[in-house]
Structure formats: structure tokens, C-alpha cells
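Visitor: Pasting in a structure now, in C-alpha cells, and then I'll have a few things to ask.
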Amino acid sequence: MSKTVLITGGAGFLGSHTADALSAKGYSIRIVDNLQGEVHAGKWPRYIQRKGYELVRADVRDKPVWEKALKGVEAVFHLAAYQDQRPDFSRFYTTNTVSTALLYEVIAEKNLPVRSVVYASSQFVYGDGAYQDSAGRTFFPELRREADLKAGRWAVRAPDGGEAVFTPFREDQPVQPTNSYGLSKYASEMMALRLGKTYGIPTKIMRYSIIQGPRQSPRNLYSGALRIFISQALAGVPITVYEDGRQLRDFVNVHDVVAANLLVMKSRKADFQVFNVSGGRAVPVVEFAEAVKSITGSASPIVLGGYRHTDTRNAVSDSSKLQALGWKPKAGITDSIRTYVEWYMAEGFHKTAPVEQLKALKAGIRK
Ligand SMILES: NC(=O)c1ccc[n+]([C@@H]2O[C@H](COP(=O)([O-])OP(=O)(O)OC[C@H]3O[C@@H](n4cnc5c(N)ncnc54)[C@H](O)[C@@H]3O)[C@@H](O)[C@H]2O)c1
């Protein structure tokens with residue numbers, strides 16, 4: 001009998017690609033997903049149907065759901081999450097953190113032989129990360145001040161007011177999440193590692209950078225630069241980028257992330273470790289918007305300006321720790337943009353895009 005892998009949030013973007021890759025390797029797939037309205041409008045997406053997966057519409061906040069879902073499971077990918085920047089703070093913890101506690105609670109209570117838990121965290125846990133001042137001293141800035149952002153002073157300054165240089169996130173540096181999403185993910189990480197070690201449940205923490213590729217739901221327009229830029233480019237409305245567009249991000253292709261997921265699931269060297277999963281290149285957001293414009297052949301102007309107080313100036317991860325296990329990102333931003341555009345058009349999203357809403361949206365952010 002083939003081994004069963006449970007994927008929570010498996011109807012989503014990363015979960016469905018992870019399911020397809022595991023299925024191709026002969027695993028049986030069980031998906032638990034509540035088909036969150038913001039992502040799926042309550043329906044199983046077509047790409048997940050008729051593949052022989054066990055599809056369970058249920059909520060990871062409910063303990064009985066875990067009790068059933070974990071039966072006979074070899075490995076778990078816990079990807080279901082609430083992701084946004086809205087002020088319903090408690091929902092981040094009930095969905096992201098309480099669900100993680102329930103996962104370990106049920107495994108421990110029933111003494112289940114789960115061999116591997118992969119937890120989907122985010123580079124968001126680093127907050128603004130680490131910088132160096134002109135004397136080469138490392139410091140960890142707080143969120144930029146609202147007064148500076150209002151005045152268009154985007155750069156992070158050193159404590160003495162001088163210039164500061166960003167250094168890519170490394171797994172062993174201090175973390176400083178700047179919003180409820182990041183806080184809920186970091187709390188889940190700590191819990192997963194602690195409970196995993198205490199109860200002997202091999203656990204791997206993945207801090208993904210911005211993942212790109214087909215199946216990223218365009219319904220949830222509030223996060224994900226690519227889906228917003230493409231929606232705007234194809235609707236012929238201005239492509240809106242926060243700040244001066246020079247903020248740095250790193251974008252990683254979904255197939256590279258899937259390869260990382262499968263690698264750590266099997267690797268004993270990855271047990272109880274935290275890994276950055278990143279695209280390997282620091283990209284100014286405006287360059288990303290320009291690439292979208294060029295690939296879609298859009299005449300939309302790129303409009304800069306505005307900000308969100310909890311956005312970090314730069315967010316680029318160093319993935320050398322994962323690369324030491326033999327992983328390497330293969331796809332660049334052009335591949336990701338092109339395949340997403342093809343999928344978006346094939347699904348007909350460009351015909352139903354909410355043009356008025358798109359005009360008001362700003363992008364340049366990450367999950
Ligand atoms: N996509 C990215 O750029 C990115 C970056 C960093 C981290 N992550 C993390 O990776 C994971 C997968 O992200 P994604 O991009 O595939 O998101 P997604 O929104 O496409 O998928 C998440 C899925 O979780 C489901 N879900 C949400 N709440 C649920 C609940 N209470 N019970 C059951 N199911 C629920 C949704 O219906 C959805 O299908 C998430 O944990 C996310 O935080 C993603």
C-alpha cells in the first residue's frame with residue numbers, strides 16, 4: 001500500500017503543487033482544506049479534482065478534524081494558513097498557531113507514527129532583518145517611523161542617522177516579525193520545534209520567500225505582488241508599486257519550493273532545522289513590475305508611491321543552508337511570470353478582473 005501524506009491547505013497554490021509532485025512519486029494524498037472564501041470562493045479548484053486525492057473540506061482549527069485526518073499518515077505538510085495584513089489579529093493565531101498546536105497535540109495524544117512534519121513559515125518572521133552601519137556594525141532596525149514614510153524617506157537609517165546596508169536573512173539571526181501574520185508563524189515555528197523534539201516528531205521549518213507560479217489565486221488580491229501586477233497589467237490600469245520601487249524582494253518559483261519540500265520531508269539531516277527557501281536574487285520591486293509589463297505587452301504605466309506601515313524595506317533570504325542539502329533554485333522571475341500569465345489567461349481571470357478594485361490596489365508586498 002502506498003504511503004499517505006496529509007497536506008493541509010492542499011487546495012491552495014503551494015499545497016496543490018506539492019500534492020501533484022508527491023502523487024507522481026507514488027504517495028497517496030489526503031487534503032484538508034476549508035476552501036477559504038478569500039482564496040477559493042468555497043469551491044474545490046479544478047486543478048485538484050479527479051486526481052484520486054482524498055479531499056476533505058474541513059477546518060484545521062477543529063481538533064476532531066485532525067483526529068480523523070492524521071489516521072495512517074506518514075508525513076504532514078501543514079500549509080493551511082490565514083495570510084493577510086488585515087486587523088483581525090486573533091484570526092492569525094487561531095488559524096495558524098492553534099492549528100499547529102492541535103497537530104502536535106493529536107500526534108502526541110494518540111502516539112501516531114508520523115515520520116515527518118513540514119511547517120510552512122515565511123521570511124516575514126525576520127521583519128526588517130539585519131543591517132550594517134558605515135562602520136560595519138550590525139543592527140536590527142525597528143519598523144520605519146510613520147513620519148519618515150509619510151515624508152517619502154524610505155531607506156532604513158543606522159542608529160546614528162547614517163546610511164545602512166541590508167544583509168540577506170540567515171536562519172540563525174534574531175527574528176522580529178512586524179505583523180500578526182509573521183508573529184503567528186514564528187509562534188508556530190517555536191511550538192513545532194519544541195513539541196517535535198519533546199515528542200520525537202521529526203519537524204522541518206520552511207521560511208519561504210515570495211512564491212510565484214500558476215494557481216496563486218487572483219481572488220485574494222490583497223497579497224502577492226505578481227497577481228496584483230498581472231491583474232492590473234492585463235486590465236490596462238496603472239501598475240501600482242509602493243514607495244520608490246527600489247525596495248528589494250526575492251521571488252522563488254513554486255516548483256523550486258516543491259522540490260525543497262520533498263527534499264526536507266525525506267531528509268533526516270533536515271530534522272528540527274529551519275530553512276530559508278529563496279530565489280537567490282535580490283530584485284527591486286519596480287524591476288519586477290517592469291518584467292510583468294514587458295511579458296504581458298501591457299501599455300499600463302507603472303505608478304510609484306504610497307506605503308504600508310508594516311511593510312519591510314527589504315526582504316531577501318540567504319538559502320545557503322538548504323543548498324548545502326543539495327537544493328538549488330532553478331527558475332528565474334521571467335519563468336514565473338510567464339507561466340502565471342499563461343495560467344491566468346487560460347482560466348479567463350482577465351475577463352472577470354474587478355477593474356475598479358484593481359485601480360485602487362497597490363502592490364510591492366510579500367506574504
Ligand atoms: N505563497 C507565498 O508566497 C508564501 C510565502 C511564505 C509562506 N507561505 C505559506 O505557505 C503556505 C501555503 O501558501 P499558499 O500561497 O499556497 O496559500 P493559499 O492561500 O493558496 O493556500 C492556503 C490554503 O489554506 C486553506 N485554509 C485557510 N484557512 C484554513 C483553515 N482554517 N482550515 C483549512 N484550510 C484553510 C485555504 O483555503 C487555501 O487553500 C501558507 O502557510 C503560507 O503562509 C506562502
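A note on labels: chains of the C-alpha cells are A, B, ... as shown, every chain counts residues from 1, and ligands are counted from 1 in their shown order.
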Name all residues at most 6 Å from range 2-16 of chain A (count only C-alpha atoms; drop same-chain ones fewer than 5 positions away) and give them as a VMD selection string.
Guide: chain A and resid 27 to 33 73 to 80 215 to 216
Visitor: Would you please extract all strand (DSSP E or B) residues from range 47-229 of chain A, as assigned by DSSP on the backbone, and give them as a PyMOL selection string?
Guide: chain A and resi 54-57+73-78+116-122+130-132+138-139+165-167+169+203-208+210-212
Visitor: If we count only C-alpha atoms, what is near Ser121 in chain A at a cut-off of 8 Å, once residues fewer than 2 positions away on the same chain are taken out, given as a PyMOL selection string?
Guide: chain A and resi 119+123+125+185-186+189+205-208
Visitor: Write the residues of the selection above to a file with C-alpha atoms, as a PDB file, in the first residue's frame.
Guide:
```pdb
ATOM      1  CA  TYR A 119       5.694  23.503   8.563  1.00  0.00           C
ATOM      2  CA  GLN A 123      10.556  35.071   5.581  1.00  0.00           C
ATOM      3  CA  VAL A 125       9.405  36.341  10.596  1.00  0.00           C
ATOM      4  CA  LYS A 185       4.087  31.990  12.023  1.00  0.00           C
ATOM      5  CA  TYR A 186       7.018  32.443  14.390  1.00  0.00           C
ATOM      6  CA  GLU A 189       7.672  27.554  14.387  1.00  0.00           C
ATOM      7  CA  ILE A 205      10.500  24.581   9.283  1.00  0.00           C
ATOM      8  CA  MET A 206      10.438  26.250   5.876  1.00  0.00           C
ATOM      9  CA  ARG A 207      10.726  30.029   5.689  1.00  0.00           C
ATOM     10  CA  TYR A 208       9.580  30.690   2.150  1.00  0.00           C
TER      11      TYR A 208
END
```
Visitor: Enumerate, as a compact mmCIF listing (two decimals) with all heavy atoms, in the first residue's frame, the complete set of residues in range 36-101 of chain A that a backbone-based DSSP assignment places in alpha helix (DSSP H).
Guide:
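What follows is the written file selection-v7.txt:
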```txt
# COMPACT_ATOMS: atom_id res chain seq x y z
N GLY A 37 -12.99 31.39 1.70
CA GLY A 37 -13.66 32.27 0.74
C GLY A 37 -12.72 33.20 0.00
O GLY A 37 -12.84 33.38 -1.21
N GLU A 38 -11.74 33.76 0.73
CA GLU A 38 -10.84 34.73 0.10
C GLU A 38 -10.00 34.09 -1.01
O GLU A 38 -9.49 34.78 -1.88
CB GLU A 38 -9.85 35.31 1.13
CG GLU A 38 -10.45 36.28 2.12
CD GLU A 38 -10.90 35.58 3.40
OE1 GLU A 38 -11.14 34.36 3.36
OE2 GLU A 38 -11.03 36.28 4.42
N VAL A 39 -9.84 32.76 -0.95
CA VAL A 39 -8.95 32.10 -1.91
C VAL A 39 -9.75 31.36 -2.99
O VAL A 39 -9.45 31.45 -4.18
CB VAL A 39 -8.01 31.09 -1.19
CG1 VAL A 39 -6.95 30.56 -2.14
CG2 VAL A 39 -7.38 31.72 0.03
N HIS A 40 -10.78 30.64 -2.55
CA HIS A 40 -11.45 29.71 -3.49
C HIS A 40 -12.92 29.99 -3.72
O HIS A 40 -13.56 29.24 -4.45
CB HIS A 40 -11.37 28.29 -2.93
CG HIS A 40 -9.99 27.81 -2.71
ND1 HIS A 40 -9.12 27.56 -3.74
CD2 HIS A 40 -9.30 27.54 -1.57
CE1 HIS A 40 -7.97 27.14 -3.23
NE2 HIS A 40 -8.05 27.13 -1.93
N LYS A 63 -10.22 20.28 16.46
CA LYS A 63 -9.44 19.09 16.86
C LYS A 63 -9.96 17.79 16.22
O LYS A 63 -9.17 16.98 15.73
CB LYS A 63 -9.42 18.98 18.39
CG LYS A 63 -8.50 17.88 18.87
CD LYS A 63 -8.28 17.98 20.36
CE LYS A 63 -7.44 16.82 20.84
NZ LYS A 63 -7.25 16.83 22.29
N PRO A 64 -11.28 17.55 16.18
CA PRO A 64 -11.75 16.30 15.57
C PRO A 64 -11.31 16.15 14.11
O PRO A 64 -11.14 15.03 13.63
CB PRO A 64 -13.28 16.40 15.67
CG PRO A 64 -13.52 17.37 16.79
CD PRO A 64 -12.39 18.34 16.75
N VAL A 65 -11.09 17.27 13.45
CA VAL A 65 -10.62 17.21 12.05
C VAL A 65 -9.23 16.58 12.00
O VAL A 65 -8.94 15.69 11.19
CB VAL A 65 -10.60 18.64 11.44
CG1 VAL A 65 -9.86 18.67 10.12
CG2 VAL A 65 -12.03 19.16 11.28
N TRP A 66 -8.37 16.98 12.92
CA TRP A 66 -7.02 16.41 12.98
C TRP A 66 -7.06 14.94 13.38
O TRP A 66 -6.30 14.12 12.87
CB TRP A 66 -6.16 17.18 13.99
CG TRP A 66 -5.71 18.53 13.51
CD1 TRP A 66 -6.21 19.74 13.89
CD2 TRP A 66 -4.69 18.81 12.54
NE1 TRP A 66 -5.55 20.77 13.23
CE2 TRP A 66 -4.61 20.22 12.40
CE3 TRP A 66 -3.82 18.03 11.78
CZ2 TRP A 66 -3.71 20.84 11.54
CZ3 TRP A 66 -2.91 18.64 10.92
CH2 TRP A 66 -2.88 20.03 10.81
N GLU A 67 -7.96 14.62 14.31
CA GLU A 67 -8.03 13.22 14.77
C GLU A 67 -8.34 12.28 13.61
O GLU A 67 -7.79 11.20 13.51
CB GLU A 67 -9.08 13.10 15.88
CG GLU A 67 -8.57 13.72 17.18
CD GLU A 67 -9.65 13.88 18.25
OE1 GLU A 67 -10.85 13.83 17.91
OE2 GLU A 67 -9.28 14.07 19.42
N LYS A 68 -9.20 12.74 12.72
CA LYS A 68 -9.53 11.90 11.56
C LYS A 68 -8.43 11.98 10.51
O LYS A 68 -8.00 10.96 9.96
CB LYS A 68 -10.82 12.41 10.91
CG LYS A 68 -12.07 11.72 11.42
CD LYS A 68 -13.28 12.33 10.81
CE LYS A 68 -13.92 11.38 9.81
NZ LYS A 68 -15.21 11.95 9.35
N ALA A 69 -7.97 13.19 10.27
CA ALA A 69 -7.06 13.41 9.13
C ALA A 69 -5.70 12.75 9.33
O ALA A 69 -5.03 12.39 8.36
CB ALA A 69 -6.88 14.91 8.89
N PHE A 89 -6.61 40.51 14.15
CA PHE A 89 -5.38 39.90 14.69
C PHE A 89 -5.58 38.48 15.18
O PHE A 89 -4.77 37.60 14.94
CB PHE A 89 -4.82 40.75 15.84
CG PHE A 89 -4.66 42.20 15.50
CD1 PHE A 89 -5.16 43.18 16.35
CD2 PHE A 89 -4.02 42.60 14.33
CE1 PHE A 89 -5.03 44.52 16.04
CE2 PHE A 89 -3.88 43.94 14.02
CZ PHE A 89 -4.40 44.90 14.87
N SER A 90 -6.67 38.25 15.91
CA SER A 90 -6.82 36.94 16.56
C SER A 90 -6.94 35.81 15.53
O SER A 90 -6.52 34.68 15.80
CB SER A 90 -8.04 36.94 17.48
OG SER A 90 -9.20 37.19 16.70
N ARG A 91 -7.45 36.11 14.36
CA ARG A 91 -7.65 35.05 13.36
C ARG A 91 -6.31 34.45 12.91
O ARG A 91 -6.25 33.28 12.53
CB ARG A 91 -8.43 35.62 12.16
CG ARG A 91 -8.88 34.56 11.20
CD ARG A 91 -9.83 35.13 10.16
NE ARG A 91 -9.89 34.25 8.99
CZ ARG A 91 -10.36 34.60 7.82
NH1 ARG A 91 -10.84 35.82 7.63
NH2 ARG A 91 -10.37 33.75 6.81
N PHE A 92 -5.25 35.24 12.95
CA PHE A 92 -3.93 34.70 12.57
C PHE A 92 -3.51 33.60 13.54
O PHE A 92 -2.92 32.61 13.15
CB PHE A 92 -2.88 35.81 12.54
CG PHE A 92 -3.11 36.80 11.43
CD1 PHE A 92 -3.81 37.97 11.65
CD2 PHE A 92 -2.65 36.53 10.16
CE1 PHE A 92 -4.04 38.86 10.63
CE2 PHE A 92 -2.87 37.41 9.12
CZ PHE A 92 -3.57 38.59 9.36
N SER A 99 -3.85 25.82 15.20
CA SER A 99 -3.90 24.61 14.36
C SER A 99 -2.60 23.82 14.50
O SER A 99 -2.61 22.58 14.51
CB SER A 99 -4.14 24.97 12.90
OG SER A 99 -3.01 25.64 12.36
N THR A 100 -1.48 24.51 14.62
CA THR A 100 -0.19 23.83 14.76
C THR A 100 -0.13 23.10 16.10
O THR A 100 0.34 21.96 16.18
CB THR A 100 0.97 24.84 14.61
OG1 THR A 100 0.78 25.57 13.40
CG2 THR A 100 2.32 24.15 14.59
N ALA A 101 -0.65 23.74 17.14
CA ALA A 101 -0.70 23.08 18.45
C ALA A 101 -1.56 21.83 18.38
O ALA A 101 -1.20 20.77 18.92
CB ALA A 101 -1.25 24.05 19.50
```
Visitor: One decimal, Å: what's the distance from CA of Tyr340 in chain A over to atom 36 (C, counted along the ligand's line) of ligand 1, could you say?
Guide: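 Computing the Euclidean distance for CA of Tyr340 in chain A and atom 36 (C, counted along the ligand's line) of ligand 1 yields 19.1 Å.
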Visitor: Can you tell me which residues surround Asp250 in chain A at a distance of at most 8 Å, considering only C-alpha atoms, apart from same-chain residues fewer than 6 positions away, and format the answer as a VMD selection string?
Guide: chain A and resid 209 to 210 278 to 283 315 to 317
Visitor: I need the residues from that last selection saved to file as a PDB file, in the first residue's frame (with N, CA, C and O atoms), if you can.
Guide:
```pdb
ATOM      1  N   SER A 209      10.372  32.536   0.810  1.00  0.00           N
ATOM      2  CA  SER A 209      10.302  33.906   0.288  1.00  0.00           C
ATOM      3  C   SER A 209       9.014  34.011  -0.529  1.00  0.00           C
ATOM      4  O   SER A 209       8.143  33.159  -0.410  1.00  0.00           O
ATOM      5  N   ILE A 210       8.890  35.020  -1.367  1.00  0.00           N
ATOM      6  CA  ILE A 210       7.646  35.179  -2.147  1.00  0.00           C
ATOM      7  C   ILE A 210       7.604  34.082  -3.210  1.00  0.00           C
ATOM      8  O   ILE A 210       8.477  34.031  -4.081  1.00  0.00           O
ATOM      9  N   SER A 278      14.558  30.453  -0.925  1.00  0.00           N
ATOM     10  CA  SER A 278      14.529  31.742  -1.621  1.00  0.00           C
ATOM     11  C   SER A 278      14.998  31.599  -3.058  1.00  0.00           C
ATOM     12  O   SER A 278      15.569  30.589  -3.444  1.00  0.00           O
ATOM     13  N   GLY A 279      14.750  32.667  -3.816  1.00  0.00           N
ATOM     14  CA  GLY A 279      15.023  32.621  -5.252  1.00  0.00           C
ATOM     15  C   GLY A 279      16.462  32.915  -5.630  1.00  0.00           C
ATOM     16  O   GLY A 279      16.853  32.727  -6.785  1.00  0.00           O
ATOM     17  N   GLY A 280      17.249  33.424  -4.681  1.00  0.00           N
ATOM     18  CA  GLY A 280      18.667  33.597  -4.951  1.00  0.00           C
ATOM     19  C   GLY A 280      19.047  34.921  -5.591  1.00  0.00           C
ATOM     20  O   GLY A 280      20.199  35.132  -5.930  1.00  0.00           O
ATOM     21  N   ARG A 281      18.084  35.839  -5.772  1.00  0.00           N
ATOM     22  CA  ARG A 281      18.457  37.127  -6.368  1.00  0.00           C
ATOM     23  C   ARG A 281      17.621  38.236  -5.720  1.00  0.00           C
ATOM     24  O   ARG A 281      16.406  38.073  -5.566  1.00  0.00           O
ATOM     25  N   ALA A 282      18.289  39.338  -5.366  1.00  0.00           N
ATOM     26  CA  ALA A 282      17.576  40.482  -4.796  1.00  0.00           C
ATOM     27  C   ALA A 282      17.017  41.309  -5.952  1.00  0.00           C
ATOM     28  O   ALA A 282      17.781  41.819  -6.766  1.00  0.00           O
ATOM     29  N   VAL A 283      15.705  41.433  -6.016  1.00  0.00           N
ATOM     30  CA  VAL A 283      15.071  42.111  -7.157  1.00  0.00           C
ATOM     31  C   VAL A 283      14.345  43.369  -6.655  1.00  0.00           C
ATOM     32  O   VAL A 283      13.457  43.258  -5.798  1.00  0.00           O
ATOM     33  N   ALA A 315      13.555  42.534   1.807  1.00  0.00           N
ATOM     34  CA  ALA A 315      13.289  41.163   2.287  1.00  0.00           C
ATOM     35  C   ALA A 315      13.892  40.193   1.286  1.00  0.00           C
ATOM     36  O   ALA A 315      13.295  39.882   0.259  1.00  0.00           O
ATOM     37  N   VAL A 316      15.094  39.772   1.609  1.00  0.00           N
ATOM     38  CA  VAL A 316      15.811  38.845   0.728  1.00  0.00           C
ATOM     39  C   VAL A 316      16.451  37.795   1.637  1.00  0.00           C
ATOM     40  O   VAL A 316      17.097  38.148   2.621  1.00  0.00           O
ATOM     41  N   SER A 317      16.258  36.528   1.310  1.00  0.00           N
ATOM     42  CA  SER A 317      16.777  35.468   2.175  1.00  0.00           C
ATOM     43  C   SER A 317      17.983  34.786   1.547  1.00  0.00           C
ATOM     44  O   SER A 317      18.063  34.643   0.325  1.00  0.00           O
TER      45      SER A 317
END
```
Visitor: Would you please work out which residue, of A:Ile228, A:Ala81, A:Ala147, A:Ile333, is nearest to Tyr93 in chain A when using only C-alpha atoms?
Guide: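 Smallest separation from Tyr93 in chain A among the options: A:Ala81.
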Visitor: So which one's closest to ligand 1, A:Ile239, A:Val254, A:Leu248, A:Ala24? Using only C-alpha atoms and all ligand atoms, please.
Guide: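 Under the stated criterion, the closest residue is A:Val254.
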Visitor: Could you state the separation of CA of Ala235 in chain A and CA of Phe251 in chain A in Å, given to one decimal place?
Guide: 23.2 Å
Visitor: Hey, can you check how far CA of Val165 in chain A sits from CA of Gln247 in chain A?
Guide: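 Between these atoms lies a distance of 12.3 Å.
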Visitor: Would you mind telling me which residue in A:Ala353, A:Val292, A:Leu195, A:Ala225 lies nearest to ligand 1 when using only C-alpha atoms and all ligand atoms?
Guide: A:Ala225
Visitor: With distances taken over only C-alpha atoms, which residue among A:Thr167, A:Thr198, A:Thr95, A:Ser231 lies nearest Asn314 in chain A?
Guide: A:Thr167
Visitor: Residues at most 9 Å from Gly213 in chain A, counting only C-alpha atoms, excluding those fewer than 6 positions away in the same chain, as a PyMOL selection string?
Guide: chain A and resi 13+226+252-255+335-341+343
Visitor: Hey, which of A:Ala187, A:Val114, A:Ile48, A:Ala58 ends up closest to ligand 1? Count only C-alpha atoms and all ligand atoms.
Guide: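 Smallest distance to ligand 1 is found for A:Ala58.
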Visitor: Would you mind telling me which residue in A:Gln49, A:Thr312, A:Asn261, A:Asn96 lies nearest to Gln83 in chain A when using only C-alpha atoms?
Guide: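 Of all the options, A:Asn96 lies closest to Gln83 in chain A.
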Visitor: Could you name the residues that touch Pro301 in chain A at 9 Å or less, counting only C-alpha atoms, but leaving out those on the same chain fewer than 6 positions away, as a VMD selection string?
Guide: chain A and resid 233 236 to 240 293
